[in-house]
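Trainee: Got structure.cif for you, mmCIF, C-alpha atoms:
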```cif
data_coords
#
loop_
_atom_site.group_PDB
_atom_site.id
_atom_site.type_symbol
_atom_site.label_atom_id
_atom_site.label_comp_id
_atom_site.auth_asym_id
_atom_site.auth_seq_id
_atom_site.Cartn_x
_atom_site.Cartn_y
_atom_site.Cartn_z
ATOM 1 C CA MET C 558 -11.425 -154.758 52.843
ATOM 2 C CA PHE C 559 -14.452 -156.648 51.562
ATOM 3 C CA THR C 560 -12.713 -160.021 51.594
ATOM 4 C CA ASP C 561 -11.769 -159.653 55.258
ATOM 5 C CA LYS C 562 -15.484 -159.613 56.008
ATOM 6 C CA ALA C 563 -16.220 -162.446 53.581
ATOM 7 C CA ASN C 564 -13.460 -164.713 54.894
ATOM 8 C CA ASN C 565 -14.563 -164.144 58.502
ATOM 9 C CA ILE C 566 -18.159 -165.011 57.625
ATOM 10 C CA PHE C 567 -17.082 -168.120 55.732
ATOM 11 C CA GLN C 568 -14.998 -169.277 58.709
ATOM 12 C CA ASP C 569 -17.952 -168.720 61.025
ATOM 13 C CA VAL C 570 -20.256 -170.712 58.736
ATOM 14 C CA ILE C 571 -17.891 -173.667 58.513
ATOM 15 C CA GLU C 572 -17.236 -173.788 62.250
ATOM 16 C CA THR C 573 -20.962 -173.508 62.987
ATOM 17 C CA TYR C 574 -21.768 -176.352 60.572
ATOM 18 C CA HIS C 575 -19.210 -178.639 62.199
ATOM 19 C CA VAL C 576 -20.711 -178.266 65.675
ATOM 20 C CA ILE C 577 -23.469 -180.711 64.623
ATOM 21 C CA ASN C 578 -21.707 -181.851 61.441
ATOM 22 C CA THR C 579 -24.622 -183.388 59.563
ATOM 23 C CA VAL C 580 -25.967 -182.456 56.140
ATOM 24 C CA ASP C 581 -29.594 -182.458 57.334
ATOM 25 C CA GLN C 582 -29.161 -180.065 60.249
ATOM 26 C CA PRO C 583 -31.417 -176.984 60.382
ATOM 27 C CA PHE C 584 -30.128 -173.760 58.866
ATOM 28 C CA GLU C 585 -30.437 -170.388 60.543
ATOM 29 C CA ASN C 586 -28.978 -167.222 59.058
ATOM 30 C CA PRO C 587 -27.804 -164.842 61.799
ATOM 31 C CA TYR C 588 -27.860 -161.867 59.414
ATOM 32 C CA ASN C 589 -31.090 -160.045 58.645
ATOM 33 C CA LYS C 590 -31.523 -159.657 54.888
ATOM 34 C CA ASP C 591 -33.120 -156.222 55.262
ATOM 35 C CA SER C 592 -30.441 -154.651 57.434
ATOM 36 C CA HIS C 593 -27.377 -156.739 56.450
ATOM 37 C CA LEU C 594 -28.118 -158.020 52.962
ATOM 38 C CA LEU C 595 -24.544 -158.684 51.836
ATOM 39 C CA GLU C 596 -23.661 -160.571 55.011
ATOM 40 C CA HIS C 597 -26.923 -162.516 54.700
ATOM 41 C CA LEU C 598 -26.048 -163.566 51.150
ATOM 42 C CA LEU C 599 -22.455 -164.493 51.996
ATOM 43 C CA TYR C 600 -23.535 -166.606 54.974
ATOM 44 C CA ARG C 601 -26.155 -168.449 52.948
ATOM 45 C CA LYS C 602 -23.734 -168.966 50.056
ATOM 46 C CA CYS C 603 -21.085 -170.595 52.219
ATOM 47 C CA TRP C 604 -23.659 -172.749 54.027
ATOM 48 C CA ILE C 605 -24.797 -174.163 50.683
ATOM 49 C CA ASP C 606 -21.167 -174.856 49.751
ATOM 50 C CA THR C 607 -20.458 -176.499 53.109
ATOM 51 C CA VAL C 608 -23.436 -178.852 52.926
ATOM 52 C CA GLN C 609 -22.572 -179.744 49.342
ATOM 53 C CA TRP C 610 -18.948 -180.434 50.319
ATOM 54 C CA HIS C 611 -20.245 -183.118 52.671
ATOM 55 C CA TYR C 612 -22.760 -184.419 50.150
ATOM 56 C CA GLU C 613 -19.789 -185.036 47.851
ATOM 57 C CA ASP C 614 -18.001 -186.961 50.614
ATOM 58 C CA ILE C 615 -21.019 -189.166 51.279
ATOM 59 C CA ILE C 616 -21.751 -190.037 47.666
ATOM 60 C CA ARG C 617 -18.183 -191.340 47.206
ATOM 61 C CA ASP C 618 -18.780 -194.113 49.735
ATOM 62 C CA PRO C 619 -18.172 -197.304 47.674
ATOM 63 C CA GLN C 620 -20.742 -199.123 49.826
ATOM 64 C CA ILE C 621 -23.513 -196.567 49.362
ATOM 65 C CA ASP C 622 -26.933 -197.985 48.561
ATOM 66 C CA PRO C 623 -27.844 -197.228 44.908
ATOM 67 C CA VAL C 624 -31.251 -195.837 45.886
ATOM 68 C CA ALA C 625 -29.644 -193.576 48.480
ATOM 69 C CA ALA C 626 -27.031 -192.528 45.929
ATOM 70 C CA LEU C 627 -29.698 -191.500 43.426
ATOM 71 C CA LYS C 628 -31.494 -189.473 46.093
ATOM 72 C CA LEU C 629 -28.218 -187.825 47.043
ATOM 73 C CA LYS C 630 -27.460 -187.051 43.393
ATOM 74 C CA ARG C 631 -30.776 -185.190 43.214
ATOM 75 C CA GLN C 632 -29.833 -183.273 46.360
ATOM 76 C CA ILE C 633 -26.478 -182.339 44.839
ATOM 77 C CA ASP C 634 -28.225 -181.136 41.677
ATOM 78 C CA ALA C 635 -30.566 -178.968 43.756
ATOM 79 C CA SER C 636 -27.638 -177.661 45.775
ATOM 80 C CA ASN C 637 -25.786 -176.712 42.589
ATOM 81 C CA GLN C 638 -28.842 -174.760 41.463
ATOM 82 C CA ASP C 639 -29.008 -172.971 44.830
ATOM 83 C CA ARG C 640 -25.296 -172.200 44.597
ATOM 84 C CA THR C 641 -25.671 -170.646 41.147
ATOM 85 C CA ASP C 642 -28.708 -168.655 42.277
ATOM 86 C CA MET C 643 -26.759 -167.261 45.225
ATOM 87 C CA VAL C 644 -23.906 -166.189 42.960
ATOM 88 C CA GLU C 645 -26.411 -164.234 40.875
ATOM 89 C CA TYR C 646 -27.941 -162.653 43.980
ATOM 90 C CA ILE C 647 -24.508 -161.508 45.145
ATOM 91 C CA ASP C 648 -23.673 -160.100 41.713
ATOM 92 C CA SER C 649 -27.015 -158.310 41.695
ATOM 93 C CA TYR C 650 -26.025 -156.710 44.991
ATOM 94 C CA PHE C 651 -22.846 -155.334 43.428
ATOM 95 C CA LEU C 652 -24.667 -154.215 40.277
ATOM 96 C CA GLU C 653 -27.013 -152.204 42.455
ATOM 97 C CA LYS C 654 -24.173 -150.844 44.570
ATOM 98 C CA TYR C 655 -22.222 -149.587 41.555
ATOM 99 C CA LYS C 656 -25.152 -148.657 39.318
ATOM 100 C CA ASP C 657 -24.283 -144.950 39.406
ATOM 101 C CA VAL C 658 -20.631 -145.461 38.452
ATOM 102 C CA THR C 659 -19.881 -144.426 34.877
ATOM 103 C CA PRO C 660 -17.166 -146.668 33.429
ATOM 104 C CA LYS C 661 -14.227 -144.834 31.880
ATOM 105 C CA ALA C 662 -13.830 -144.889 28.114
ATOM 106 C CA ASP C 663 -11.001 -147.399 28.383
ATOM 107 C CA ALA C 664 -12.651 -149.520 31.096
ATOM 108 C CA THR C 665 -12.340 -153.273 30.633
ATOM 109 C CA ILE C 666 -14.368 -156.263 31.735
ATOM 110 C CA ASN C 667 -12.984 -158.998 33.971
ATOM 111 C CA THR C 668 -12.880 -162.685 33.074
ATOM 112 C CA GLU C 669 -15.383 -163.377 35.844
ATOM 113 C CA SER C 670 -17.863 -161.350 37.858
ATOM 114 C CA PRO C 671 -17.138 -160.474 41.504
ATOM 115 C CA ALA C 672 -19.532 -163.133 42.800
ATOM 116 C CA TRP C 673 -17.863 -165.965 40.900
ATOM 117 C CA GLY C 674 -14.587 -164.938 42.522
ATOM 118 C CA ILE C 675 -16.408 -164.982 45.862
ATOM 119 C CA ASP C 676 -17.710 -168.447 45.004
ATOM 120 C CA ARG C 677 -14.127 -169.670 44.679
ATOM 121 C CA LEU C 678 -13.203 -167.905 47.931
ATOM 122 C CA SER C 679 -15.956 -169.773 49.761
ATOM 123 C CA ILE C 680 -14.736 -173.111 48.404
ATOM 124 C CA LEU C 681 -11.178 -172.188 49.379
ATOM 125 C CA ALA C 682 -12.338 -171.612 52.945
ATOM 126 C CA LEU C 683 -13.626 -175.182 53.004
ATOM 127 C CA LYS C 684 -10.391 -176.530 51.547
ATOM 128 C CA VAL C 685 -8.365 -174.646 54.163
ATOM 129 C CA TYR C 686 -10.556 -175.912 57.005
ATOM 130 C CA HIS C 687 -10.419 -179.549 55.965
ATOM 131 C CA MET C 688 -6.746 -179.518 54.992
ATOM 132 C CA HIS C 689 -5.954 -178.053 58.408
ATOM 133 C CA GLU C 690 -7.863 -180.965 59.930
ATOM 134 C CA GLU C 691 -5.722 -183.387 57.951
ATOM 135 C CA ALA C 692 -2.516 -181.563 58.840
ATOM 136 C CA THR C 693 -3.268 -181.791 62.561
ATOM 137 C CA ARG C 694 -4.529 -185.375 62.793
ATOM 138 C CA THR C 695 -3.057 -187.404 65.622
ATOM 139 C CA ASP C 696 -3.798 -190.766 63.973
ATOM 140 C CA ALA C 697 -2.026 -190.065 60.654
ATOM 141 C CA SER C 698 1.522 -190.826 59.573
ATOM 142 C CA GLU C 699 4.238 -188.176 59.667
ATOM 143 C CA ALA C 700 4.408 -188.309 55.889
ATOM 144 C CA HIS C 701 0.675 -187.631 55.578
ATOM 145 C CA ILE C 702 0.841 -184.720 58.002
ATOM 146 C CA ALA C 703 3.876 -183.207 56.266
ATOM 147 C CA ALA C 704 2.241 -183.470 52.849
ATOM 148 C CA CYS C 705 -0.956 -181.873 54.117
ATOM 149 C CA LYS C 706 0.931 -179.031 55.776
ATOM 150 C CA LYS C 707 2.553 -178.228 52.428
ATOM 151 C CA LYS C 708 -0.827 -178.283 50.719
ATOM 152 C CA LEU C 709 -2.266 -176.081 53.454
ATOM 153 C CA ASP C 710 0.474 -173.507 52.897
ATOM 154 C CA VAL C 711 -0.393 -173.397 49.194
ATOM 155 C CA LEU C 712 -4.114 -173.015 49.951
ATOM 156 C CA LEU C 713 -3.446 -170.156 52.362
ATOM 157 C CA GLU C 714 -1.323 -168.397 49.766
ATOM 158 C CA GLN C 715 -4.029 -168.977 47.167
ATOM 159 C CA ARG C 716 -6.647 -167.483 49.491
ATOM 160 C CA LYS C 717 -4.476 -164.425 50.062
ATOM 161 C CA ASP C 718 -3.967 -163.931 46.319
ATOM 162 C CA LEU C 719 -7.633 -164.477 45.475
ATOM 163 C CA SER C 720 -8.721 -162.092 48.229
ATOM 164 C CA THR C 721 -6.406 -159.421 46.856
ATOM 165 C CA ALA C 722 -7.703 -159.979 43.328
ATOM 166 C CA ILE C 723 -11.351 -159.674 44.422
ATOM 167 C CA ASP C 724 -10.710 -156.520 46.445
ATOM 168 C CA THR C 725 -8.815 -155.028 43.513
ATOM 169 C CA LEU C 726 -11.639 -155.864 41.103
ATOM 170 C CA LEU C 727 -14.245 -154.235 43.331
ATOM 171 C CA SER C 728 -12.033 -151.171 43.708
ATOM 172 C CA ASP C 729 -11.540 -150.966 39.941
ATOM 173 C CA ILE C 730 -15.303 -151.217 39.345
ATOM 174 C CA GLU C 731 -15.922 -148.488 41.912
ATOM 175 C CA LYS C 732 -13.363 -146.227 40.169
ATOM 176 C CA GLY C 733 -14.744 -146.974 36.709
ATOM 177 C CA ASP C 734 -11.590 -148.755 35.540
ATOM 178 C CA LYS C 735 -13.569 -151.965 35.072
ATOM 179 C CA TYR C 736 -17.214 -152.729 34.531
ATOM 180 C CA MET C 737 -19.255 -155.812 35.263
ATOM 181 C CA LYS C 738 -21.975 -157.745 33.514
ATOM 182 C CA VAL C 739 -24.065 -160.628 34.800
ATOM 183 C CA TYR C 740 -24.947 -163.337 32.334
ATOM 184 C CA LYS C 741 -27.889 -165.226 33.762
ATOM 185 C CA GLN C 742 -27.446 -168.970 33.967
ATOM 186 C CA MET C 743 -27.985 -170.870 30.760
ATOM 187 C CA LYS C 744 -28.202 -174.344 32.248
ATOM 188 C CA MET C 745 -29.834 -176.767 29.863
ATOM 189 C CA TYR C 746 -30.041 -180.064 31.720
ATOM 190 C CA ASN C 747 -32.905 -178.993 34.026
ATOM 191 C CA ASP C 748 -35.023 -177.587 31.207
ATOM 192 C CA ASP C 749 -37.563 -179.991 29.727
ATOM 193 C CA GLU C 750 -37.347 -178.154 26.404
ATOM 194 C CA LEU C 751 -33.544 -178.114 26.174
ATOM 195 C CA ASN C 752 -32.655 -181.494 27.674
ATOM 196 C CA PRO C 753 -33.531 -184.121 25.018
ATOM 197 C CA VAL C 754 -34.079 -186.827 27.652
ATOM 198 C CA LEU C 755 -36.600 -184.716 29.572
ATOM 199 C CA ARG C 756 -38.184 -183.510 26.324
ATOM 200 C CA SER C 757 -38.797 -187.085 25.213
ATOM 201 C CA GLN C 758 -40.813 -187.740 28.384
ATOM 202 C CA LYS C 759 -43.344 -185.005 27.657
#
```
Please re-express this file's structure in structure tokens.
Mentor:
Amino acid sequence: MFTDKANNIFQDVIETYHVINTVDQPFENPYNKDSHLLEHLLYRKCWIDTVQWHYEDIIRDPQIDPVAALKLKRQIDASNQDRTDMVEYIDSYFLEKYKDVTPKADATINTESPAWGIDRLSILALKVYHMHEEATRTDASEAHIAACKKKLDVLLEQRKDLSTAIDTLLSDIEKGDKYMKVYKQMKMYNDDELNPVLRSQK
């Protein structure tokens, strides 16, 4: 199944990141984009999500220097743009893969494209990893550990359900029971014509 591959790659990304465990560590993609394009995209996607997860931790420090916080906010904005770009690249991969499939007359469209489901799967992998850390802490109270174990069980069930839903969607697209569209991002806040604050600075 596709999601077996995706979940394994996401786990590898997260474990690799935590060897050094800093947001400014160098990135190296082990998958060649020419020979293993999908794996290359999935690895990059989860790396972006993992770095941003830790950006979000850092910026919530109540003692953070305001100048550092503004710089970090800019990094988060850039990361969000990269994340959205990667979703579109992954959807483009599936559009190309299924370009010769003729949807059936009664085919329907899904509420989200395959890659946006994969986006949520990548974030779930991070939630599972970090909730497992909390559930196995040796310096936490029994109540904390018990609560986190319950949350971890829910996250694992959610990952199983989401994986099944993504695999089913891809199967339905391949059979022509569903079809997909990709609506390119319509973000307005980075555009100096659409954001009134940026427009006023021109």
Trainee: Which residue, C:Tyr655, C:Phe567, C:Tyr736, C:Trp610, has the smallest gap to Leu598 (chain C) when you use all atoms listed in the file?
Mentor: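 Closest candidate: C:Phe567.
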Trainee: What are the closest atom pairs, with distances in Å to one decimal, for all residues of region 670-691 of chain C lying within 9 Å of region 723-735 of chain C? Consider only C-alpha atoms, order rows by chain and residue number, and present the result as a Markdown table.
Mentor:
```
| residue | atom | partner | partner_atom | distance |
| --- | --- | --- | --- | --- |
| C:Ser670 | CA | C:Leu726 | CA | 8.9 |
| C:Pro671 | CA | C:Ile723 | CA | 6.5 |
| C:Gly674 | CA | C:Ile723 | CA | 6.5 |
| C:Ile675 | CA | C:Ile723 | CA | 7.5 |
```
Trainee: Taking into account all atoms listed in the file, which residue in the set C:Ile666, C:Pro587, C:Asp581, C:Leu599 is nearest to Lys562 (chain C)?
Mentor: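 Of C:Ile666, C:Pro587, C:Asp581, C:Leu599, the one nearest Lys562 (chain C), counting all atoms listed in the file, is C:Leu599.
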Trainee: If you count only C-alpha atoms, which residues fall within 10 Å of Ile571 (chain C), apart from same-chain ones fewer than 2 positions away, as a ChimeraX atom specification?
Mentor: /C:566-569,573-576,578,600,603-604,606-608,679,682-683,686-687
Trainee: Do you know which residues lie at most 12 Å from (-22.3, -186.6, 52.8), with coordinates as in the file and only C-alpha atoms counted, and could you write them as a list in words?
Mentor: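 Those residues lying close to the given coordinates are Asn578, Thr579, Val580, Asp581, Thr607, Val608, Gln609, Trp610, His611, Tyr612, Glu613, Asp614, Ile615, Ile616, Arg617, Asp618, Ile621, Ala625, Ala626, Lys628, Leu629, Lys630, Gln632 and Ile633 of chain C.
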Trainee: Would you please work out which residue, of C:Gln620, C:Val658, C:Asp648, C:Ala664, is nearest to Lys741 (chain C) when using all atoms listed in the file?
Mentor: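 Nearest candidate to Lys741 (chain C) out of C:Gln620, C:Val658, C:Asp648, C:Ala664: C:Asp648.
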Trainee: Kindly indicate which residue among C:Ser649, C:Asn586, C:Thr659, C:Ser720 lies nearest to Arg677 (chain C), using all atoms listed in the file for the distances.
Mentor: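 Checking each candidate against Arg677 (chain C), we get C:Ser720 as the closest.
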Trainee: Nearest to Ala703 (chain C) among C:Met688, C:Leu719, C:Asp591, C:Thr668, with distances taken over all atoms listed in the file: which residue is it?
Mentor: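 Under the stated criterion, the closest residue is C:Met688.
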Trainee: Report, in Å with one decimal, the straight-line distance from CA of Ile702 (chain C) to CA of Ile577 (chain C).
Mentor: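 CA of Ile577 (chain C) lies at a distance of 25.5 Å from CA of Ile702 (chain C).
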Trainee: Can you measure CA of Leu678 (chain C) to CA of Arg694 (chain C) for me? One decimal in Å is fine.
Mentor: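 About the pair CA of Leu678 (chain C) and CA of Arg694 (chain C): they are 24.5 Å apart.
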Trainee: Can you measure CA of Ile605 (chain C) to CA of Ser636 (chain C) for me? One decimal in Å is fine.
Mentor: 6.7 Å
Trainee: Could you please give me, as a PDB file with C-alpha atoms, keeping the file's coordinate frame, the residues of protein, DNA or RNA lying at most 12 Å from (-24.8, -155.5, 47.6) in the coordinate frame of the file, considering all atoms listed in the file?
Mentor:
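Written file, part25.pdb:
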```pdb
ATOM      1  CA  PHE C 559     -14.452-156.648  51.562  1.00  0.00           C
ATOM      2  CA  LYS C 590     -31.523-159.657  54.888  1.00  0.00           C
ATOM      3  CA  ASP C 591     -33.120-156.222  55.262  1.00  0.00           C
ATOM      4  CA  SER C 592     -30.441-154.651  57.434  1.00  0.00           C
ATOM      5  CA  HIS C 593     -27.377-156.739  56.450  1.00  0.00           C
ATOM      6  CA  LEU C 594     -28.118-158.020  52.962  1.00  0.00           C
ATOM      7  CA  LEU C 595     -24.544-158.684  51.836  1.00  0.00           C
ATOM      8  CA  GLU C 596     -23.661-160.571  55.011  1.00  0.00           C
ATOM      9  CA  HIS C 597     -26.923-162.516  54.700  1.00  0.00           C
ATOM     10  CA  LEU C 598     -26.048-163.566  51.150  1.00  0.00           C
ATOM     11  CA  LEU C 599     -22.455-164.493  51.996  1.00  0.00           C
ATOM     12  CA  VAL C 644     -23.906-166.189  42.960  1.00  0.00           C
ATOM     13  CA  GLU C 645     -26.411-164.234  40.875  1.00  0.00           C
ATOM     14  CA  TYR C 646     -27.941-162.653  43.980  1.00  0.00           C
ATOM     15  CA  ILE C 647     -24.508-161.508  45.145  1.00  0.00           C
ATOM     16  CA  ASP C 648     -23.673-160.100  41.713  1.00  0.00           C
ATOM     17  CA  SER C 649     -27.015-158.310  41.695  1.00  0.00           C
ATOM     18  CA  TYR C 650     -26.025-156.710  44.991  1.00  0.00           C
ATOM     19  CA  PHE C 651     -22.846-155.334  43.428  1.00  0.00           C
ATOM     20  CA  LEU C 652     -24.667-154.215  40.277  1.00  0.00           C
ATOM     21  CA  GLU C 653     -27.013-152.204  42.455  1.00  0.00           C
ATOM     22  CA  LYS C 654     -24.173-150.844  44.570  1.00  0.00           C
ATOM     23  CA  TYR C 655     -22.222-149.587  41.555  1.00  0.00           C
ATOM     24  CA  LYS C 656     -25.152-148.657  39.318  1.00  0.00           C
ATOM     25  CA  PRO C 671     -17.138-160.474  41.504  1.00  0.00           C
ATOM     26  CA  ALA C 672     -19.532-163.133  42.800  1.00  0.00           C
ATOM     27  CA  LEU C 727     -14.245-154.235  43.331  1.00  0.00           C
TER      28      LEU C 727
END
```
Trainee: Put a box with edges along x, y and z around all the listed atoms of region 734-741 of chain C, pad it by 6 Å on each side, then give me its centre and sizes in Å, one decimal, as AutoDock Vina command-line options.
Mentor:
```
--center_x -19.7 --center_y -157.0 --center_z 33.9 --size_x 28.3 --size_y 28.5 --size_z 15.2
```
Trainee: Can you list what the PyMOL selection byres ((chain C and resi 691) around 12) grabs from this structure, as a list of chain:residue names?
Mentor: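 Those residues are C:Lys684, C:Val685, C:Tyr686, C:His687, C:Met688, C:His689, C:Glu690, C:Ala692, C:Thr693, C:Arg694, C:Thr695, C:Asp696, C:Ala697, C:Ser698, C:Glu699, C:Ala700, C:His701, C:Ile702, C:Ala703, C:Ala704, C:Cys705, C:Lys706, C:Lys707, C:Lys708, C:Leu709.
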Trainee: Please rebuild region 565-575 of chain C with all heavy atoms and give the result as a PDB file, in the coordinates of the input.
Mentor:
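Output saved as result-v6.pdb:
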```pdb
ATOM      1  N   ASN C 565     -14.130-163.951  57.117  1.00  0.00           N
ATOM      2  CA  ASN C 565     -14.563-164.144  58.502  1.00  0.00           C
ATOM      3  C   ASN C 565     -15.932-164.810  58.556  1.00  0.00           C
ATOM      4  O   ASN C 565     -16.172-165.698  59.383  1.00  0.00           O
ATOM      5  CB  ASN C 565     -14.600-162.801  59.238  1.00  0.00           C
ATOM      6  CG  ASN C 565     -13.223-162.275  59.585  1.00  0.00           C
ATOM      7  OD1 ASN C 565     -12.272-163.050  59.714  1.00  0.00           O
ATOM      8  ND2 ASN C 565     -13.091-160.968  59.719  1.00  0.00           N
ATOM      9  N   ILE C 566     -16.826-164.394  57.668  1.00  0.00           N
ATOM     10  CA  ILE C 566     -18.159-165.011  57.625  1.00  0.00           C
ATOM     11  C   ILE C 566     -18.056-166.467  57.201  1.00  0.00           C
ATOM     12  O   ILE C 566     -18.688-167.349  57.798  1.00  0.00           O
ATOM     13  CB  ILE C 566     -19.084-164.225  56.675  1.00  0.00           C
ATOM     14  CG1 ILE C 566     -19.449-162.880  57.301  1.00  0.00           C
ATOM     15  CG2 ILE C 566     -20.351-165.030  56.358  1.00  0.00           C
ATOM     16  CD1 ILE C 566     -20.238-161.958  56.396  1.00  0.00           C
ATOM     17  N   PHE C 567     -17.242-166.745  56.204  1.00  0.00           N
ATOM     18  CA  PHE C 567     -17.082-168.120  55.732  1.00  0.00           C
ATOM     19  C   PHE C 567     -16.534-169.014  56.855  1.00  0.00           C
ATOM     20  O   PHE C 567     -16.990-170.144  57.043  1.00  0.00           O
ATOM     21  CB  PHE C 567     -16.157-168.173  54.523  1.00  0.00           C
ATOM     22  CG  PHE C 567     -16.683-167.459  53.304  1.00  0.00           C
ATOM     23  CD1 PHE C 567     -15.820-167.057  52.292  1.00  0.00           C
ATOM     24  CD2 PHE C 567     -18.041-167.197  53.166  1.00  0.00           C
ATOM     25  CE1 PHE C 567     -16.306-166.401  51.172  1.00  0.00           C
ATOM     26  CE2 PHE C 567     -18.535-166.541  52.046  1.00  0.00           C
ATOM     27  CZ  PHE C 567     -17.666-166.142  51.041  1.00  0.00           C
ATOM     28  N   GLN C 568     -15.557-168.500  57.599  1.00  0.00           N
ATOM     29  CA  GLN C 568     -14.998-169.277  58.709  1.00  0.00           C
ATOM     30  C   GLN C 568     -16.061-169.558  59.767  1.00  0.00           C
ATOM     31  O   GLN C 568     -16.152-170.674  60.299  1.00  0.00           O
ATOM     32  CB  GLN C 568     -13.824-168.513  59.336  1.00  0.00           C
ATOM     33  CG  GLN C 568     -13.095-169.282  60.429  1.00  0.00           C
ATOM     34  CD  GLN C 568     -12.353-170.507  59.913  1.00  0.00           C
ATOM     35  OE1 GLN C 568     -11.983-170.558  58.739  1.00  0.00           O
ATOM     36  NE2 GLN C 568     -12.140-171.479  60.784  1.00  0.00           N
ATOM     37  N   ASP C 569     -16.883-168.557  60.043  1.00  0.00           N
ATOM     38  CA  ASP C 569     -17.952-168.720  61.025  1.00  0.00           C
ATOM     39  C   ASP C 569     -18.960-169.776  60.566  1.00  0.00           C
ATOM     40  O   ASP C 569     -19.391-170.630  61.349  1.00  0.00           O
ATOM     41  CB  ASP C 569     -18.655-167.371  61.228  1.00  0.00           C
ATOM     42  CG  ASP C 569     -19.738-167.434  62.285  1.00  0.00           C
ATOM     43  OD1 ASP C 569     -19.611-168.228  63.242  1.00  0.00           O
ATOM     44  OD2 ASP C 569     -20.734-166.694  62.158  1.00  0.00           O
ATOM     45  N   VAL C 570     -19.320-169.728  59.292  1.00  0.00           N
ATOM     46  CA  VAL C 570     -20.256-170.712  58.736  1.00  0.00           C
ATOM     47  C   VAL C 570     -19.715-172.125  58.910  1.00  0.00           C
ATOM     48  O   VAL C 570     -20.420-173.031  59.390  1.00  0.00           O
ATOM     49  CB  VAL C 570     -20.519-170.439  57.241  1.00  0.00           C
ATOM     50  CG1 VAL C 570     -21.274-171.607  56.608  1.00  0.00           C
ATOM     51  CG2 VAL C 570     -21.294-169.153  57.042  1.00  0.00           C
ATOM     52  N   ILE C 571     -18.479-172.320  58.510  1.00  0.00           N
ATOM     53  CA  ILE C 571     -17.891-173.667  58.513  1.00  0.00           C
ATOM     54  C   ILE C 571     -17.762-174.205  59.932  1.00  0.00           C
ATOM     55  O   ILE C 571     -18.061-175.376  60.208  1.00  0.00           O
ATOM     56  CB  ILE C 571     -16.533-173.645  57.787  1.00  0.00           C
ATOM     57  CG1 ILE C 571     -16.744-173.283  56.306  1.00  0.00           C
ATOM     58  CG2 ILE C 571     -15.818-174.995  57.909  1.00  0.00           C
ATOM     59  CD1 ILE C 571     -15.471-172.918  55.569  1.00  0.00           C
ATOM     60  N   GLU C 572     -17.345-173.352  60.854  1.00  0.00           N
ATOM     61  CA  GLU C 572     -17.236-173.788  62.250  1.00  0.00           C
ATOM     62  C   GLU C 572     -18.608-174.094  62.839  1.00  0.00           C
ATOM     63  O   GLU C 572     -18.767-175.072  63.582  1.00  0.00           O
ATOM     64  CB  GLU C 572     -16.514-172.725  63.062  1.00  0.00           C
ATOM     65  CG  GLU C 572     -15.025-172.600  62.718  1.00  0.00           C
ATOM     66  CD  GLU C 572     -14.334-171.508  63.494  1.00  0.00           C
ATOM     67  OE1 GLU C 572     -15.023-170.766  64.237  1.00  0.00           O
ATOM     68  OE2 GLU C 572     -13.101-171.381  63.352  1.00  0.00           O
ATOM     69  N   THR C 573     -19.602-173.274  62.487  1.00  0.00           N
ATOM     70  CA  THR C 573     -20.962-173.508  62.987  1.00  0.00           C
ATOM     71  C   THR C 573     -21.510-174.830  62.458  1.00  0.00           C
ATOM     72  O   THR C 573     -22.116-175.611  63.203  1.00  0.00           O
ATOM     73  CB  THR C 573     -21.892-172.353  62.576  1.00  0.00           C
ATOM     74  OG1 THR C 573     -21.406-171.130  63.143  1.00  0.00           O
ATOM     75  CG2 THR C 573     -23.324-172.604  63.039  1.00  0.00           C
ATOM     76  N   TYR C 574     -21.303-175.092  61.163  1.00  0.00           N
ATOM     77  CA  TYR C 574     -21.768-176.352  60.572  1.00  0.00           C
ATOM     78  C   TYR C 574     -21.174-177.546  61.313  1.00  0.00           C
ATOM     79  O   TYR C 574     -21.867-178.532  61.589  1.00  0.00           O
ATOM     80  CB  TYR C 574     -21.384-176.421  59.096  1.00  0.00           C
ATOM     81  CG  TYR C 574     -21.699-177.767  58.476  1.00  0.00           C
ATOM     82  CD1 TYR C 574     -22.912-177.999  57.855  1.00  0.00           C
ATOM     83  CD2 TYR C 574     -20.777-178.823  58.540  1.00  0.00           C
ATOM     84  CE1 TYR C 574     -23.217-179.236  57.309  1.00  0.00           C
ATOM     85  CE2 TYR C 574     -21.073-180.069  58.003  1.00  0.00           C
ATOM     86  CZ  TYR C 574     -22.290-180.266  57.388  1.00  0.00           C
ATOM     87  OH  TYR C 574     -22.580-181.498  56.874  1.00  0.00           O
ATOM     88  N   HIS C 575     -19.897-177.479  61.642  1.00  0.00           N
ATOM     89  CA  HIS C 575     -19.210-178.639  62.199  1.00  0.00           C
ATOM     90  C   HIS C 575     -19.497-178.878  63.680  1.00  0.00           C
ATOM     91  O   HIS C 575     -19.027-179.867  64.240  1.00  0.00           O
ATOM     92  CB  HIS C 575     -17.697-178.522  61.948  1.00  0.00           C
ATOM     93  CG  HIS C 575     -17.324-178.842  60.532  1.00  0.00           C
ATOM     94  ND1 HIS C 575     -17.209-177.873  59.566  1.00  0.00           N
ATOM     95  CD2 HIS C 575     -17.075-180.025  59.915  1.00  0.00           C
ATOM     96  CE1 HIS C 575     -16.880-178.436  58.414  1.00  0.00           C
ATOM     97  NE2 HIS C 575     -16.811-179.743  58.591  1.00  0.00           N
TER      98      HIS C 575
END
```
